[in-house]
Structure formats: C-alpha cells, structure tokens
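As stored in upload13.pdb (PDB, N, CA and C atoms):
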ATOM      1  N   MET A   1     -15.930  21.968 -38.955
ATOM      2  CA  MET A   1     -17.375  22.027 -39.021
ATOM      3  C   MET A   1     -17.785  23.028 -40.078
ATOM      4  N   PRO A   2     -18.971  22.913 -40.583
ATOM      5  CA  PRO A   2     -19.429  23.899 -41.566
ATOM      6  C   PRO A   2     -19.495  25.289 -40.938
ATOM      7  N   ALA A   3     -19.127  26.299 -41.707
ATOM      8  CA  ALA A   3     -19.118  27.679 -41.211
ATOM      9  C   ALA A   3     -20.473  28.081 -40.654
ATOM     10  N   SER A   4     -21.541  27.535 -41.207
ATOM     11  CA  SER A   4     -22.885  27.885 -40.754
ATOM     12  C   SER A   4     -23.169  27.440 -39.322
ATOM     13  N   GLU A   5     -22.361  26.514 -38.785
ATOM     14  CA  GLU A   5     -22.564  25.996 -37.429
ATOM     15  C   GLU A   5     -21.620  26.616 -36.401
ATOM     16  N   VAL A   6     -20.642  27.375 -36.842
ATOM     17  CA  VAL A   6     -19.604  27.869 -35.945
ATOM     18  C   VAL A   6     -20.189  28.704 -34.804
ATOM     19  N   GLU A   7     -21.024  29.669 -35.127
ATOM     20  CA  GLU A   7     -21.567  30.548 -34.088
ATOM     21  C   GLU A   7     -22.375  29.764 -33.058
ATOM     22  N   LYS A   8     -23.209  28.846 -33.524
ATOM     23  CA  LYS A   8     -24.036  28.036 -32.626
ATOM     24  C   LYS A   8     -23.164  27.193 -31.691
ATOM     25  N   VAL A   9     -22.182  26.518 -32.248
ATOM     26  CA  VAL A   9     -21.312  25.660 -31.445
ATOM     27  C   VAL A   9     -20.471  26.500 -30.484
ATOM     28  N   ALA A  10     -20.018  27.653 -30.919
ATOM     29  CA  ALA A  10     -19.233  28.532 -30.042
ATOM     30  C   ALA A  10     -20.065  28.942 -28.829
ATOM     31  N   LYS A  11     -21.312  29.279 -29.053
ATOM     32  CA  LYS A  11     -22.186  29.668 -27.932
ATOM     33  C   LYS A  11     -22.429  28.498 -26.997
ATOM     34  N   GLU A  12     -22.632  27.320 -27.554
ATOM     35  CA  GLU A  12     -22.915  26.133 -26.739
ATOM     36  C   GLU A  12     -21.712  25.679 -25.928
ATOM     37  N   THR A  13     -20.530  25.843 -26.482
ATOM     38  CA  THR A  13     -19.330  25.294 -25.845
ATOM     39  C   THR A  13     -18.423  26.333 -25.208
ATOM     40  N   GLY A  14     -18.657  27.608 -25.513
ATOM     41  CA  GLY A  14     -17.767  28.655 -25.007
ATOM     42  C   GLY A  14     -16.499  28.777 -25.822
ATOM     43  N   ALA A  15     -16.474  28.144 -26.980
ATOM     44  CA  ALA A  15     -15.297  28.199 -27.855
ATOM     45  C   ALA A  15     -15.171  29.586 -28.477
ATOM     46  N   ILE A  16     -13.989  29.914 -28.912
ATOM     47  CA  ILE A  16     -13.727  31.176 -29.603
ATOM     48  C   ILE A  16     -13.583  30.862 -31.082
ATOM     49  N   PRO A  17     -14.494  31.388 -31.920
ATOM     50  CA  PRO A  17     -14.386  31.124 -33.361
ATOM     51  C   PRO A  17     -13.056  31.609 -33.928
ATOM     52  N   PHE A  18     -12.512  30.826 -34.841
ATOM     53  CA  PHE A  18     -11.190  31.083 -35.392
ATOM     54  C   PHE A  18     -11.195  30.810 -36.886
ATOM     55  N   ASP A  19     -10.638  31.743 -37.630
ATOM     56  CA  ASP A  19     -10.381  31.562 -39.059
ATOM     57  C   ASP A  19     -11.631  31.215 -39.879
ATOM     58  N   VAL A  20     -12.750  31.846 -39.516
ATOM     59  CA  VAL A  20     -13.972  31.740 -40.308
ATOM     60  C   VAL A  20     -14.490  33.154 -40.555
ATOM     61  N   PRO A  21     -15.209  33.357 -41.626
ATOM     62  CA  PRO A  21     -15.717  34.700 -41.916
ATOM     63  C   PRO A  21     -16.485  35.290 -40.727
ATOM     64  N   GLY A  22     -16.170  36.526 -40.399
ATOM     65  CA  GLY A  22     -16.832  37.226 -39.321
ATOM     66  C   GLY A  22     -16.227  37.024 -37.946
ATOM     67  N   ALA A  23     -15.285  36.100 -37.810
ATOM     68  CA  ALA A  23     -14.661  35.850 -36.510
ATOM     69  C   ALA A  23     -13.634  36.929 -36.197
ATOM     70  N   ALA A  24     -13.596  37.358 -34.938
ATOM     71  CA  ALA A  24     -12.590  38.336 -34.519
ATOM     72  C   ALA A  24     -11.183  37.767 -34.715
ATOM     73  N   LEU A  25     -11.051  36.456 -34.566
ATOM     74  CA  LEU A  25      -9.758  35.804 -34.768
ATOM     75  C   LEU A  25      -9.711  35.221 -36.182
ATOM     76  N   GLY A  26     -10.019  36.053 -37.129
ATOM     77  CA  GLY A  26     -10.005  35.662 -38.534
ATOM     78  C   GLY A  26      -9.280  36.703 -39.354
ATOM     79  N   HIS A  27      -9.545  36.713 -40.626
ATOM     80  CA  HIS A  27      -8.968  37.706 -41.531
ATOM     81  C   HIS A  27      -9.717  39.017 -41.314
ATOM     82  N   VAL A  28      -9.036  39.986 -40.713
ATOM     83  CA  VAL A  28      -9.643  41.267 -40.359
ATOM     84  C   VAL A  28      -8.684  42.389 -40.754
ATOM     85  N   GLU A  29      -9.187  43.372 -41.482
ATOM     86  CA  GLU A  29      -8.414  44.568 -41.844
ATOM     87  C   GLU A  29      -7.050  44.229 -42.447
ATOM     88  N   GLY A  30      -7.023  43.235 -43.331
ATOM     89  CA  GLY A  30      -5.789  42.856 -44.015
ATOM     90  C   GLY A  30      -4.899  41.899 -43.243
ATOM     91  N   ARG A  31      -5.285  41.587 -42.009
ATOM     92  CA  ARG A  31      -4.499  40.640 -41.205
ATOM     93  C   ARG A  31      -4.964  39.216 -41.476
ATOM     94  N   CYS A  32      -4.050  38.273 -41.330
ATOM     95  CA  CYS A  32      -4.439  36.865 -41.344
ATOM     96  C   CYS A  32      -4.872  36.491 -39.920
ATOM     97  N   SER A  33      -5.437  35.315 -39.774
ATOM     98  CA  SER A  33      -5.939  34.881 -38.465
ATOM     99  C   SER A  33      -4.849  34.862 -37.403
ATOM    100  N   PHE A  34      -3.666  34.418 -37.765
ATOM    101  CA  PHE A  34      -2.574  34.364 -36.790
ATOM    102  C   PHE A  34      -2.228  35.758 -36.290
ATOM    103  N   GLU A  35      -2.215  36.727 -37.186
ATOM    104  CA  GLU A  35      -1.947  38.107 -36.776
ATOM    105  C   GLU A  35      -3.070  38.642 -35.886
ATOM    106  N   SER A  36      -4.303  38.226 -36.155
ATOM    107  CA  SER A  36      -5.416  38.645 -35.296
ATOM    108  C   SER A  36      -5.251  38.088 -33.885
ATOM    109  N   ILE A  37      -4.755  36.869 -33.769
ATOM    110  CA  ILE A  37      -4.480  36.289 -32.451
ATOM    111  C   ILE A  37      -3.385  37.092 -31.748
ATOM    112  N   ILE A  38      -2.302  37.366 -32.457
ATOM    113  CA  ILE A  38      -1.184  38.141 -31.897
ATOM    114  C   ILE A  38      -1.699  39.480 -31.356
ATOM    115  N   ARG A  39      -2.516  40.150 -32.162
ATOM    116  CA  ARG A  39      -3.032  41.470 -31.785
ATOM    117  C   ARG A  39      -4.034  41.386 -30.631
ATOM    118  N   THR A  40      -4.977  40.464 -30.718
ATOM    119  CA  THR A  40      -6.020  40.336 -29.700
ATOM    120  C   THR A  40      -5.436  40.066 -28.320
ATOM    121  N   PHE A  41      -4.428  39.221 -28.267
ATOM    122  CA  PHE A  41      -3.847  38.840 -26.981
ATOM    123  C   PHE A  41      -2.569  39.617 -26.656
ATOM    124  N   ASP A  42      -2.276  40.645 -27.457
ATOM    125  CA  ASP A  42      -1.140  41.540 -27.240
ATOM    126  C   ASP A  42       0.160  40.761 -27.000
ATOM    127  N   LEU A  43       0.405  39.788 -27.869
ATOM    128  CA  LEU A  43       1.612  38.973 -27.761
ATOM    129  C   LEU A  43       2.793  39.748 -28.336
ATOM    130  N   ARG A  44       3.915  39.699 -27.654
ATOM    131  CA  ARG A  44       5.055  40.523 -28.048
ATOM    132  C   ARG A  44       6.355  39.751 -28.215
ATOM    133  N   ASP A  45       6.292  38.464 -28.092
ATOM    134  CA  ASP A  45       7.488  37.642 -28.241
ATOM    135  C   ASP A  45       8.074  37.860 -29.636
ATOM    136  N   PRO A  46       9.349  38.250 -29.736
ATOM    137  CA  PRO A  46       9.945  38.516 -31.048
ATOM    138  C   PRO A  46       9.869  37.329 -32.013
ATOM    139  N   GLY A  47       9.975  36.122 -31.501
ATOM    140  CA  GLY A  47       9.855  34.944 -32.360
ATOM    141  C   GLY A  47       8.453  34.814 -32.942
ATOM    142  N   LEU A  48       7.434  35.056 -32.125
ATOM    143  CA  LEU A  48       6.056  35.010 -32.628
ATOM    144  C   LEU A  48       5.799  36.116 -33.639
ATOM    145  N   LEU A  49       6.361  37.289 -33.404
ATOM    146  CA  LEU A  49       6.176  38.390 -34.345
ATOM    147  C   LEU A  49       6.847  38.076 -35.679
ATOM    148  N   ARG A  50       8.006  37.424 -35.633
ATOM    149  CA  ARG A  50       8.680  37.006 -36.868
ATOM    150  C   ARG A  50       7.847  35.952 -37.578
ATOM    151  N   LEU A  51       7.333  34.981 -36.821
ATOM    152  CA  LEU A  51       6.481  33.945 -37.389
ATOM    153  C   LEU A  51       5.233  34.558 -38.016
ATOM    154  N   ALA A  52       4.667  35.558 -37.387
ATOM    155  CA  ALA A  52       3.471  36.213 -37.919
ATOM    156  C   ALA A  52       3.735  36.828 -39.289
ATOM    157  N   LYS A  53       4.912  37.373 -39.503
ATOM    158  CA  LYS A  53       5.249  37.938 -40.814
ATOM    159  C   LYS A  53       5.274  36.850 -41.887
ATOM    160  N   ILE A  54       5.837  35.712 -41.535
ATOM    161  CA  ILE A  54       5.914  34.598 -42.485
ATOM    162  C   ILE A  54       4.518  34.063 -42.779
ATOM    163  N   VAL A  55       3.745  33.837 -41.729
ATOM    164  CA  VAL A  55       2.398  33.293 -41.897
ATOM    165  C   VAL A  55       1.531  34.255 -42.708
ATOM    166  N   HIS A  56       1.634  35.544 -42.419
ATOM    167  CA  HIS A  56       0.870  36.533 -43.194
ATOM    168  C   HIS A  56       1.199  36.410 -44.682
ATOM    169  N   ALA A  57       2.468  36.426 -44.994
ATOM    170  CA  ALA A  57       2.885  36.378 -46.399
ATOM    171  C   ALA A  57       2.444  35.076 -47.071
ATOM    172  N   ALA A  58       2.502  33.972 -46.346
ATOM    173  CA  ALA A  58       2.088  32.688 -46.911
ATOM    174  C   ALA A  58       0.569  32.595 -47.072
ATOM    175  N   ASP A  59      -0.165  33.276 -46.217
ATOM    176  CA  ASP A  59      -1.620  33.154 -46.195
ATOM    177  C   ASP A  59      -2.344  34.194 -47.054
ATOM    178  N   ILE A  60      -1.744  35.338 -47.255
ATOM    179  CA  ILE A  60      -2.364  36.416 -48.031
ATOM    180  C   ILE A  60      -1.694  36.427 -49.405
ATOM    181  N   ALA A  61      -2.388  35.914 -50.400
ATOM    182  CA  ALA A  61      -1.805  35.652 -51.724
ATOM    183  C   ALA A  61      -1.052  36.852 -52.305
ATOM    184  N   LYS A  62      -1.607  38.034 -52.194
ATOM    185  CA  LYS A  62      -0.950  39.205 -52.798
ATOM    186  C   LYS A  62       0.361  39.560 -52.085
ATOM    187  N   ASP A  63       0.578  39.037 -50.887
ATOM    188  CA  ASP A  63       1.772  39.358 -50.102
ATOM    189  C   ASP A  63       2.792  38.223 -50.066
ATOM    190  N   ILE A  64       2.595  37.191 -50.888
ATOM    191  CA  ILE A  64       3.424  35.988 -50.812
ATOM    192  C   ILE A  64       4.921  36.286 -50.907
ATOM    193  N   ASP A  65       5.302  37.301 -51.658
ATOM    194  CA  ASP A  65       6.735  37.571 -51.812
ATOM    195  C   ASP A  65       7.265  38.634 -50.856
ATOM    196  N   THR A  66       6.505  38.952 -49.825
ATOM    197  CA  THR A  66       6.990  39.940 -48.853
ATOM    198  C   THR A  66       7.890  39.322 -47.792
ATOM    199  N   ASP A  67       7.982  38.014 -47.774
ATOM    200  CA  ASP A  67       8.889  37.338 -46.843
ATOM    201  C   ASP A  67       9.533  36.161 -47.570
ATOM    202  N   PRO A  68      10.855  36.026 -47.480
ATOM    203  CA  PRO A  68      11.535  34.968 -48.241
ATOM    204  C   PRO A  68      11.190  33.544 -47.807
ATOM    205  N   VAL A  69      10.624  33.370 -46.645
ATOM    206  CA  VAL A  69      10.290  32.031 -46.153
ATOM    207  C   VAL A  69       8.863  31.634 -46.536
ATOM    208  N   ALA A  70       8.060  32.596 -46.943
ATOM    209  CA  ALA A  70       6.626  32.377 -47.143
ATOM    210  C   ALA A  70       6.296  31.331 -48.202
ATOM    211  N   ARG A  71       6.979  31.348 -49.321
ATOM    212  CA  ARG A  71       6.645  30.376 -50.371
ATOM    213  C   ARG A  71       6.905  28.941 -49.897
ATOM    214  N   GLY A  72       7.935  28.745 -49.114
ATOM    215  CA  GLY A  72       8.204  27.414 -48.571
ATOM    216  C   GLY A  72       7.117  26.974 -47.605
ATOM    217  N   LEU A  73       6.700  27.881 -46.728
ATOM    218  CA  LEU A  73       5.629  27.539 -45.792
ATOM    219  C   LEU A  73       4.333  27.262 -46.537
ATOM    220  N   GLU A  74       4.013  28.068 -47.529
ATOM    221  CA  GLU A  74       2.790  27.869 -48.307
ATOM    222  C   GLU A  74       2.834  26.511 -49.016
ATOM    223  N   ALA A  75       3.983  26.149 -49.562
ATOM    224  CA  ALA A  75       4.121  24.854 -50.234
ATOM    225  C   ALA A  75       3.930  23.703 -49.243
ATOM    226  N   LEU A  76       4.532  23.808 -48.076
ATOM    227  CA  LEU A  76       4.388  22.754 -47.072
ATOM    228  C   LEU A  76       2.951  22.655 -46.567
ATOM    229  N   ALA A  77       2.320  23.796 -46.287
ATOM    230  CA  ALA A  77       0.939  23.789 -45.800
ATOM    231  C   ALA A  77       0.005  23.187 -46.845
ATOM    232  N   THR A  78       0.227  23.519 -48.109
ATOM    233  CA  THR A  78      -0.591  22.952 -49.182
ATOM    234  C   THR A  78      -0.367  21.447 -49.269
ATOM    235  N   GLY A  79       0.874  21.026 -49.177
ATOM    236  CA  GLY A  79       1.176  19.593 -49.204
ATOM    237  C   GLY A  79       0.509  18.838 -48.070
ATOM    238  N   TYR A  80       0.531  19.407 -46.867
ATOM    239  CA  TYR A  80      -0.160  18.777 -45.738
ATOM    240  C   TYR A  80      -1.661  18.699 -46.006
ATOM    241  N   SER A  81      -2.235  19.741 -46.571
ATOM    242  CA  SER A  81      -3.672  19.741 -46.849
ATOM    243  C   SER A  81      -4.040  18.672 -47.878
ATOM    244  N   ILE A  82      -3.160  18.456 -48.839
ATOM    245  CA  ILE A  82      -3.396  17.414 -49.836
ATOM    246  C   ILE A  82      -3.299  16.031 -49.190
ATOM    247  N   ARG A  83      -2.281  15.845 -48.379
ATOM    248  CA  ARG A  83      -2.074  14.542 -47.738
ATOM    249  C   ARG A  83      -3.097  14.247 -46.646
ATOM    250  N   PHE A  84      -3.504  15.283 -45.902
ATOM    251  CA  PHE A  84      -4.383  15.100 -44.751
ATOM    252  C   PHE A  84      -5.559  16.073 -44.831
ATOM    253  N   PRO A  85      -6.583  15.743 -45.620
ATOM    254  CA  PRO A  85      -7.701  16.672 -45.819
ATOM    255  C   PRO A  85      -8.564  16.894 -44.572
ATOM    256  N   ASP A  86      -8.528  15.986 -43.619
ATOM    257  CA  ASP A  86      -9.260  16.174 -42.373
ATOM    258  C   ASP A  86      -8.549  17.243 -41.536
ATOM    259  N   ASP A  87      -9.265  18.314 -41.179
ATOM    260  CA  ASP A  87      -8.654  19.442 -40.485
ATOM    261  C   ASP A  87      -7.929  19.043 -39.198
ATOM    262  N   ALA A  88      -8.559  18.203 -38.384
ATOM    263  CA  ALA A  88      -7.960  17.824 -37.107
ATOM    264  C   ALA A  88      -6.656  17.051 -37.317
ATOM    265  N   GLU A  89      -6.667  16.112 -38.236
ATOM    266  CA  GLU A  89      -5.452  15.340 -38.512
ATOM    267  C   GLU A  89      -4.379  16.237 -39.129
ATOM    268  N   ASN A  90      -4.791  17.100 -40.043
ATOM    269  CA  ASN A  90      -3.858  18.027 -40.683
ATOM    270  C   ASN A  90      -3.167  18.871 -39.627
ATOM    271  N   LEU A  91      -3.937  19.472 -38.740
ATOM    272  CA  LEU A  91      -3.368  20.309 -37.681
ATOM    273  C   LEU A  91      -2.412  19.515 -36.800
ATOM    274  N   ALA A  92      -2.846  18.339 -36.373
ATOM    275  CA  ALA A  92      -1.998  17.513 -35.504
ATOM    276  C   ALA A  92      -0.661  17.193 -36.170
ATOM    277  N   ARG A  93      -0.699  16.921 -37.448
ATOM    278  CA  ARG A  93       0.528  16.568 -38.162
ATOM    279  C   ARG A  93       1.430  17.780 -38.409
ATOM    280  N   GLN A  94       0.832  18.964 -38.566
ATOM    281  CA  GLN A  94       1.630  20.164 -38.840
ATOM    282  C   GLN A  94       2.237  20.794 -37.584
ATOM    283  N   LEU A  95       1.805  20.405 -36.406
ATOM    284  CA  LEU A  95       2.290  21.060 -35.193
ATOM    285  C   LEU A  95       3.811  21.034 -35.080
ATOM    286  N   GLU A  96       4.429  19.914 -35.387
ATOM    287  CA  GLU A  96       5.894  19.822 -35.313
ATOM    288  C   GLU A  96       6.559  20.789 -36.288
ATOM    289  N   LEU A  97       5.982  20.912 -37.471
ATOM    290  CA  LEU A  97       6.514  21.845 -38.465
ATOM    291  C   LEU A  97       6.486  23.274 -37.922
ATOM    292  N   TYR A  98       5.347  23.682 -37.377
ATOM    293  CA  TYR A  98       5.236  25.042 -36.855
ATOM    294  C   TYR A  98       6.077  25.242 -35.603
ATOM    295  N   ASP A  99       6.221  24.220 -34.776
ATOM    296  CA  ASP A  99       7.115  24.328 -33.625
ATOM    297  C   ASP A  99       8.561  24.546 -34.076
ATOM    298  N   ALA A 100       8.973  23.814 -35.108
ATOM    299  CA  ALA A 100      10.326  23.978 -35.638
ATOM    300  C   ALA A 100      10.503  25.352 -36.266
ATOM    301  N   LEU A 101       9.511  25.820 -37.004
ATOM    302  CA  LEU A 101       9.596  27.147 -37.613
ATOM    303  C   LEU A 101       9.638  28.229 -36.539
ATOM    304  N   TYR A 102       8.855  28.070 -35.487
ATOM    305  CA  TYR A 102       8.883  29.026 -34.378
ATOM    306  C   TYR A 102      10.263  29.044 -33.716
ATOM    307  N   ALA A 103      10.855  27.880 -33.525
ATOM    308  CA  ALA A 103      12.207  27.825 -32.942
ATOM    309  C   ALA A 103      13.181  28.601 -33.822
ATOM    310  N   TRP A 104      13.085  28.413 -35.145
ATOM    311  CA  TRP A 104      13.944  29.156 -36.067
ATOM    312  C   TRP A 104      13.648  30.651 -35.986
ATOM    313  N   CYS A 105      12.388  31.012 -35.891
ATOM    314  CA  CYS A 105      12.006  32.429 -35.805
ATOM    315  C   CYS A 105      12.571  33.081 -34.556
ATOM    316  N   ARG A 106      12.584  32.354 -33.446
ATOM    317  CA  ARG A 106      13.179  32.893 -32.209
ATOM    318  C   ARG A 106      14.664  33.156 -32.434
ATOM    319  N   PHE A 107      15.327  32.223 -33.109
ATOM    320  CA  PHE A 107      16.739  32.385 -33.435
ATOM    321  C   PHE A 107      16.937  33.569 -34.397
ATOM    322  N   ASP A 108      16.133  33.630 -35.443
ATOM    323  CA  ASP A 108      16.244  34.669 -36.444
ATOM    324  C   ASP A 108      15.968  36.058 -35.869
ATOM    325  N   ALA A 109      15.022  36.136 -34.935
ATOM    326  CA  ALA A 109      14.665  37.426 -34.325
ATOM    327  C   ALA A 109      15.811  37.988 -33.483
ATOM    328  N   ARG A 110      16.681  37.112 -32.993
ATOM    329  CA  ARG A 110      17.831  37.564 -32.200
ATOM    330  C   ARG A 110      18.983  38.054 -33.063
ATOM    331  N   ALA A 111      18.999  37.620 -34.330
ATOM    332  CA  ALA A 111      20.116  37.962 -35.226
ATOM    333  C   ALA A 111      20.097  39.424 -35.640
TER     334      ALA A 111
END
Serialized structure, structure tokens:
Amino acid sequence: MPASEVEKVAKETGAIPFDVPGAALGHVEGRCSFESIIRTFDLRDPGLLRLAKIVHAADIAKDIDTDPVARGLEALATGYSIRFPDDAENLARQLELYDALYAWCRFDARA
C-alpha cells in the first residue's frame, strides 16, 4: 500500500507498520527492519541473530561487504523483485529462500 495510507490502515486493522518510514519496525538508528524486529521482540535464537547480520549487510548499502553472504542475498532479493514486482507475490515466493537461509544460519551459528 502507499506509505501515506499505512498509519490509517494500521489503526483500522490493528496491524503493526513494518519497513516504512517512521515505523518502529523499520530502519531505526542504523538497523534494518529485520534487526528492529529482533530487538523489539528480544529474540535471541542464534540462527536468527546470524540471519540478522546477513540481512543487515544486504539491506544497508554501505555495509554490503560486512558479511560474506550478503551480496548473494542482495542479488537474489533483487532478482525476485524484478521477477515479482507485486509485494505479496514477491514475499510468498521468497519465503522458501529465507527458510533455507535460516536453516543454514542455525547450522552456521553452531559451528
């Protein structure tokens, strides 16, 4: 939806705004939206924390080379956006990718 409607729809539906300017679950104090979720809900799973590092690096352009997996994730996310410009379809199609990456992150966090 257009950013101008997010606050109105959130109030009407009880939704929590995500990844839009001004949202608590958005880019705040140098964090990407995923990191804001991790922090807000005090998530501590080592796999999620590893995933957050990758997502941060892929999402924050100046930090792209702070994680060796980030450029691959950024390339895949961009490719999905090109193939599936509709946000809902894009998200639905990427879920398997992120589930697989999370599984790898859980493995990597144990190493």
Just how far from CA of Ala88 (chain A) is CA of Lys53 (chain A), in Å to one decimal? 24.3 Å
Hey, which of A:Val55, A:Ala10, A:Ala24, A:Ala61 ends up closest to Leu73 (chain A)? Count only N, CA and C atoms.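 Nearest to Leu73 (chain A): A:Val55.
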Nearest to Cys32 (chain A), restricted to only C-alpha atoms and choosing among A:Asp63, A:Glu7, A:Glu89, A:Glu12, comes out as A:Asp63
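The gap separating CA of His27 (chain A) from CA of Ala109 (chain A) is 24.7 Å, in Å to one decimal.
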Name the residues captured by the PyMOL selection byres (((chain A and resi 102 and name CA) around 10) and name CA) when it is applied to the shown file; answer as a PyMOL selection string. chain A and resi 47-52+96-101+103-108
Any chance you could list, as a ChimeraX atom specification, the residues in chain A that come up alpha helix (DSSP H) when DSSP is run on the backbone? /A:3-13,33-40,46-59,70-83,87-110
